[in-house]
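Structure file upload.json (JSON, C-alpha atoms) follows.
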[["chain", "number", "residue", "atom", "x", "y", "z"],
["Z", 266, "MET", "CA", -0.52, -7.89, 85.85],
["Z", 267, "VAL", "CA", -0.24, -10.11, 82.78],
["Z", 268, "ARG", "CA", -3.58, -10.78, 81.14],
["Z", 269, "GLU", "CA", -4.16, -13.89, 79.09],
["Z", 270, "ASN", "CA", -6.36, -14.13, 76.03],
["Z", 271, "THR", "CA", -9.97, -14.86, 76.83],
["Z", 272, "TYR", "CA", -12.50, -16.03, 74.29],
["Z", 273, "ILE", "CA", -16.03, -14.89, 74.98],
["Z", 274, "LYS", "CA", -18.95, -16.90, 73.61],
["Z", 275, "ILE", "CA", -21.87, -14.69, 72.69],
["Z", 276, "LYS", "CA", -25.34, -16.20, 72.51],
["Z", 277, "PRO", "CA", -27.72, -13.82, 70.76],
["Z", 278, "LYS", "CA", -30.54, -12.71, 73.06],
["Z", 279, "GLU", "CA", -33.99, -13.01, 71.60],
["Z", 280, "VAL", "CA", -35.63, -9.75, 70.60],
["Z", 281, "PRO", "CA", -39.44, -9.82, 70.67],
["Z", 282, "GLU", "CA", -41.43, -9.57, 67.48],
["Z", 283, "PRO", "CA", -43.60, -6.48, 67.13],
["Z", 284, "GLU", "CA", -47.29, -7.04, 67.81],
["Z", 285, "SER", "CA", -48.25, -4.29, 65.39],
["Z", 286, "PHE", "CA", -46.63, -1.36, 63.71],
["Z", 287, "ASP", "CA", -48.46, 1.45, 65.42],
["Z", 288, "GLU", "CA", -46.78, 4.33, 67.23],
["Z", 289, "LYS", "CA", -46.65, 2.63, 70.64],
["Z", 290, "GLU", "CA", -44.62, -0.25, 69.17],
["Z", 291, "VAL", "CA", -41.98, 2.23, 68.02],
["Z", 292, "TYR", "CA", -41.87, 3.66, 71.54],
["Z", 293, "ALA", "CA", -41.64, 0.16, 73.02],
["Z", 294, "PHE", "CA", -38.74, -0.82, 70.77],
["Z", 295, "PHE", "CA", -37.05, 2.51, 71.45],
["Z", 296, "GLY", "CA", -37.37, 1.76, 75.17],
["Z", 297, "LEU", "CA", -35.88, -1.70, 74.71],
["Z", 298, "ALA", "CA", -33.01, -0.26, 72.65],
["Z", 299, "SER", "CA", -32.36, 2.35, 75.36],
["Z", 300, "TYR", "CA", -32.44, -0.39, 78.00],
["Z", 301, "ALA", "CA", -29.95, -2.53, 76.04],
["Z", 302, "ALA", "CA", -27.66, 0.50, 75.59],
["Z", 303, "GLN", "CA", -27.81, 1.18, 79.33],
["Z", 304, "CYS", "CA", -26.97, -2.46, 80.10],
["Z", 305, "LEU", "CA", -23.90, -2.14, 77.88],
["Z", 306, "GLU", "CA", -22.93, 1.08, 79.64],
["Z", 307, "LYS", "CA", -23.24, -0.57, 83.07],
["Z", 308, "ALA", "CA", -21.18, -3.52, 81.83],
["Z", 309, "LEU", "CA", -18.46, -0.98, 80.98],
["Z", 310, "VAL", "CA", -18.81, 0.43, 84.52],
["Z", 311, "ASN", "CA", -18.27, -3.07, 85.92],
["Z", 312, "LEU", "CA", -15.27, -3.70, 83.69],
["Z", 313, "ALA", "CA", -13.67, -0.32, 84.43],
["Z", 314, "PHE", "CA", -14.28, -0.92, 88.14],
["Z", 315, "THR", "CA", -12.77, -4.40, 87.87],
["Z", 316, "TYR", "CA", -9.65, -3.11, 86.15],
["Z", 317, "THR", "CA", -9.32, -0.34, 88.74],
["Z", 318, "LEU", "CA", -9.71, -2.80, 91.61],
["Z", 319, "THR", "CA", -6.85, -4.96, 90.35],
["Z", 320, "ASP", "CA", -4.53, -1.97, 90.84],
["Z", 321, "LYS", "CA", -5.83, -0.84, 94.27],
["Z", 322, "ASN", "CA", -5.82, -2.12, 97.80],
["Z", 323, "ILE", "CA", -9.35, -1.45, 99.04],
["Z", 324, "VAL", "CA", -9.68, -2.00, 102.78],
["Z", 325, "SER", "CA", -13.14, -0.66, 103.61],
["Z", 326, "GLN", "CA", -16.69, -0.70, 102.25],
["Z", 327, "GLU", "CA", -16.58, 3.11, 102.10],
["Z", 328, "GLU", "CA", -13.52, 3.04, 99.82],
["Z", 329, "TRP", "CA", -15.19, 0.38, 97.65],
["Z", 330, "ASP", "CA", -18.41, 2.41, 97.39],
["Z", 331, "ALA", "CA", -16.58, 5.68, 96.68],
["Z", 332, "LEU", "CA", -14.51, 4.07, 93.93],
["Z", 333, "PHE", "CA", -17.56, 2.49, 92.31],
["Z", 334, "GLU", "CA", -19.58, 5.71, 92.58],
["Z", 335, "GLY", "CA", -16.77, 7.67, 90.94],
["Z", 336, "ILE", "CA", -16.53, 5.26, 88.02],
["Z", 337, "ASN", "CA", -20.30, 5.01, 87.68],
["Z", 338, "LYS", "CA", -20.54, 8.79, 87.13],
["Z", 339, "ASN", "CA", -18.55, 8.57, 83.89],
["Z", 340, "THR", "CA", -20.19, 8.82, 80.49],
["Z", 341, "PHE", "CA", -20.25, 5.88, 78.10],
["Z", 342, "GLY", "CA", -17.45, 7.50, 76.11],
["Z", 343, "ARG", "CA", -15.21, 8.03, 79.12],
["Z", 344, "LEU", "CA", -15.89, 4.48, 80.32],
["Z", 345, "LEU", "CA", -14.92, 3.15, 76.91],
["Z", 346, "GLY", "CA", -11.72, 5.20, 77.05],
["Z", 347, "MET", "CA", -10.89, 3.78, 80.51],
["Z", 348, "VAL", "CA", -11.53, 0.22, 79.36],
["Z", 349, "LYS", "CA", -9.58, 0.60, 76.10],
["Z", 350, "LYS", "CA", -6.43, 1.38, 78.10],
["Z", 351, "GLU", "CA", -6.63, -2.03, 79.78],
["Z", 352, "LEU", "CA", -8.53, -4.27, 77.38],
["Z", 353, "SER", "CA", -6.23, -6.43, 75.30],
["Z", 354, "THR", "CA", -8.22, -7.02, 72.15],
["Z", 355, "SER", "CA", -8.19, -6.49, 68.42],
["Z", 356, "ASP", "CA", -8.53, -3.08, 66.81],
["Z", 357, "GLU", "CA", -11.69, -4.41, 65.16],
["Z", 358, "VAL", "CA", -13.34, -4.95, 68.55],
["Z", 359, "LEU", "CA", -12.38, -1.45, 69.67],
["Z", 360, "VAL", "CA", -13.75, 0.04, 66.45],
["Z", 361, "GLU", "CA", -17.03, -1.84, 66.91],
["Z", 362, "LEU", "CA", -17.31, -0.72, 70.54],
["Z", 363, "LYS", "CA", -16.77, 2.88, 69.38],
["Z", 364, "GLN", "CA", -19.51, 2.36, 66.78],
["Z", 365, "ALA", "CA", -21.81, 1.08, 69.56],
["Z", 366, "LEU", "CA", -21.01, 4.27, 71.50],
["Z", 367, "ASP", "CA", -21.83, 6.42, 68.46],
["Z", 368, "LYS", "CA", -25.09, 4.55, 67.88],
["Z", 369, "ARG", "CA", -26.01, 4.85, 71.55],
["Z", 370, "ASN", "CA", -25.41, 8.60, 71.45],
["Z", 371, "TRP", "CA", -27.46, 8.91, 68.26],
["Z", 372, "LEU", "CA", -30.27, 6.88, 69.82],
["Z", 373, "ALA", "CA", -30.29, 8.99, 72.98],
["Z", 374, "HIS", "CA", -29.93, 12.41, 71.35],
["Z", 375, "ASP", "CA", -31.16, 12.37, 67.74],
["Z", 376, "TYR", "CA", -33.13, 9.23, 66.92],
["Z", 377, "PHE", "CA", -36.63, 10.68, 66.83],
["Z", 378, "PHE", "CA", -35.46, 13.95, 65.29],
["Z", 379, "ASP", "CA", -33.82, 12.03, 62.43],
["Z", 380, "SER", "CA", -36.71, 9.56, 62.03],
["Z", 381, "ILE", "CA", -39.76, 11.81, 62.39],
["Z", 382, "GLY", "CA", -40.63, 11.51, 58.70],
["Z", 383, "GLN", "CA", -40.91, 7.73, 58.97],
["Z", 384, "PHE", "CA", -42.99, 7.84, 62.15],
["Z", 385, "HIS", "CA", -46.18, 8.91, 60.33],
["Z", 386, "THR", "CA", -46.63, 5.88, 58.07],
["Z", 387, "LYS", "CA", -46.92, 2.18, 58.76],
["Z", 388, "LEU", "CA", -44.07, 1.41, 56.34],
["Z", 389, "GLY", "CA", -41.90, 4.02, 58.04],
["Z", 390, "ARG", "CA", -42.66, 2.63, 61.49],
["Z", 391, "MET", "CA", -41.80, -0.85, 60.23],
["Z", 392, "LYS", "CA", -38.41, 0.49, 59.13],
["Z", 393, "MET", "CA", -37.92, 2.21, 62.49],
["Z", 394, "ILE", "CA", -38.72, -0.98, 64.42],
["Z", 395, "LYS", "CA", -36.33, -2.95, 62.23],
["Z", 396, "GLU", "CA", -33.61, -0.38, 62.83],
["Z", 397, "LEU", "CA", -34.28, -0.38, 66.59],
["Z", 398, "THR", "CA", -34.18, -4.19, 66.60],
["Z", 399, "GLU", "CA", -30.72, -4.08, 65.02],
["Z", 400, "LEU", "CA", -29.56, -1.61, 67.68],
["Z", 401, "ILE", "CA", -30.91, -3.88, 70.43],
["Z", 402, "LYS", "CA", -28.97, -6.82, 68.97],
["Z", 403, "LEU", "CA", -25.80, -4.72, 68.69],
["Z", 404, "PHE", "CA", -25.97, -3.46, 72.27],
["Z", 405, "ASN", "CA", -26.81, -6.94, 73.61],
["Z", 406, "LYS", "CA", -23.86, -8.45, 71.75],
["Z", 407, "TRP", "CA", -21.35, -6.00, 73.23],
["Z", 408, "ASP", "CA", -22.96, -6.18, 76.66],
["Z", 409, "GLN", "CA", -22.40, -9.94, 76.64],
["Z", 410, "PHE", "CA", -18.83, -9.50, 75.43],
["Z", 411, "ILE", "CA", -17.92, -6.98, 78.14],
["Z", 412, "GLU", "CA", -19.72, -9.05, 80.79],
["Z", 413, "GLY", "CA", -17.74, -12.10, 79.71],
["Z", 414, "VAL", "CA", -14.47, -10.21, 80.13],
["Z", 415, "TYR", "CA", -15.17, -8.97, 83.64],
["Z", 416, "LEU", "CA", -16.66, -12.28, 84.76],
["Z", 417, "HIS", "CA", -13.47, -13.98, 83.59],
["Z", 418, "ILE", "CA", -11.37, -11.56, 85.64],
["Z", 419, "TRP", "CA", -13.65, -12.03, 88.66],
["Z", 420, "GLN", "CA", -13.22, -15.82, 88.38],
["Z", 421, "GLN", "CA", -9.45, -15.39, 88.38],
["Z", 422, "HIS", "CA", -9.87, -13.66, 91.75],
["Z", 423, "GLY", "CA", -12.17, -16.34, 93.15],
["Z", 424, "LEU", "CA", -15.55, -14.75, 92.47],
["Z", 425, "THR", "CA", -17.63, -17.27, 90.52],
["Z", 426, "GLU", "CA", -20.77, -16.77, 88.46],
["Z", 427, "GLU", "CA", -22.60, -18.87, 91.05],
["Z", 428, "ALA", "CA", -21.57, -16.50, 93.84],
["Z", 429, "VAL", "CA", -22.71, -13.52, 91.76],
["Z", 430, "SER", "CA", -26.03, -15.26, 91.05],
["Z", 431, "ARG", "CA", -26.55, -15.89, 94.77],
["Z", 432, "GLU", "CA", -25.97, -12.20, 95.52],
["Z", 433, "ILE", "CA", -28.43, -11.18, 92.80],
["Z", 434, "GLU", "CA", -31.04, -13.53, 94.25],
["Z", 435, "LYS", "CA", -30.47, -12.01, 97.71],
["Z", 436, "LEU", "CA", -31.00, -8.52, 96.28],
["Z", 437, "LYS", "CA", -34.18, -9.64, 94.53],
["Z", 438, "ALA", "CA", -35.49, -11.18, 97.76],
["Z", 439, "GLU", "CA", -34.70, -8.01, 99.72],
["Z", 440, "SER", "CA", -36.57, -5.82, 97.23],
["Z", 441, "ALA", "CA", -39.65, -8.07, 97.04]]

Translate this file's structure into structure tokens.
Amino acid sequence: MVRENTYIKIKPKEVPEPESFDEKEVYAFFGLASYAAQCLEKALVNLAFTYTLTDKNIVSQEEWDALFEGINKNTFGRLLGMVKKELSTSDEVLVELKQALDKRNWLAHDYFFDSIGQFHTKLGRMKMIKELTELIKLFNKWDQFIEGVYLHIWQQHGLTEEAVSREIEKLKAESA
């Protein structure tokens, strides 16, 4: 399959301002950074799944579910490796996605260990919140980029953003 160049417009998502600089704010911003990292990871799942679907002939819901489940079990790093094989983009983009992976891993595994000295002062917590805010922005940016790529591919196959939005609304209504 020949893939054409796609240009993705990224609109920065707003990150909330801290209400204070006490310990719970650090935890809140850490949670938001973790959430943004997970959104990016799931965008990679969707893109890897999309690329895999273009090469397969899925005939049943069970095959669809099994394929998605298998891809969804992969780590962020493995997902990035799968996507890099298919994604036609600049080396700069791939380097920045790898940096997002490294920052996500640091956030998940070492952030508080590395930052514990800052946690005990207001100035240190201010620095931590600023750093977490930058991570949130980074993960949001690449989440939007990856989402834009797979939405473009979906549109080429007849699945519009409106159809996706309708399905999301159905899921929300079912869970209410």

Which value, in Å to one decimal, gives the distance between atom CA of Z:Gly413 and atom CA of Z:Ala308?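 About the pair atom CA of Z:Gly413 and atom CA of Z:Ala308: they are 9.5 Å apart.
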
I need the residue nearest Z:Leu366 from this list: Z:Glu279, Z:Glu412, Z:Glu427, Z:Glu306. Use all atoms listed in the file for the distance.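 Comparing Z:Glu279, Z:Glu412, Z:Glu427, Z:Glu306 against Z:Leu366, the winner is Z:Glu306.
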
Counting all atoms listed in the file, which of Z:Trp419, Z:Glu432, Z:Phe377, Z:Glu426 gets nearest to Z:Arg390? Z:Phe377

I'd like the interatomic distance between atom CA of Z:Leu372 and atom CA of Z:Ser299, to a tenth of an Å.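 Going from atom CA of Z:Leu372 over to atom CA of Z:Ser299, I get 7.5 Å.
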
If you measure from atom CA of Z:Asn311 to atom CA of Z:Gln409, what distance in Å do you get, rounded to one decimal?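 Atom-to-atom, atom CA of Z:Asn311 to atom CA of Z:Gln409, that is 12.3 Å.
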
Between Z:Arg431, Z:Lys437, Z:Lys395, Z:Arg369, smallest distance to Z:Thr340 by all atoms listed in the file belongs to Z:Arg369

Pick the closest to Z:Lys276 from Z:His374, Z:Lys349, Z:Lys402, Z:Lys368: which is it, counting only C-alpha atoms?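 That would be Z:Lys402, the residue with the smallest distance to Z:Lys276.
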
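Among the candidates Z:Asn370, Z:Val291, Z:Leu424, Z:Glu434, the one nearest to Z:Gln303 when counting all atoms listed in the file is Z:Asn370.
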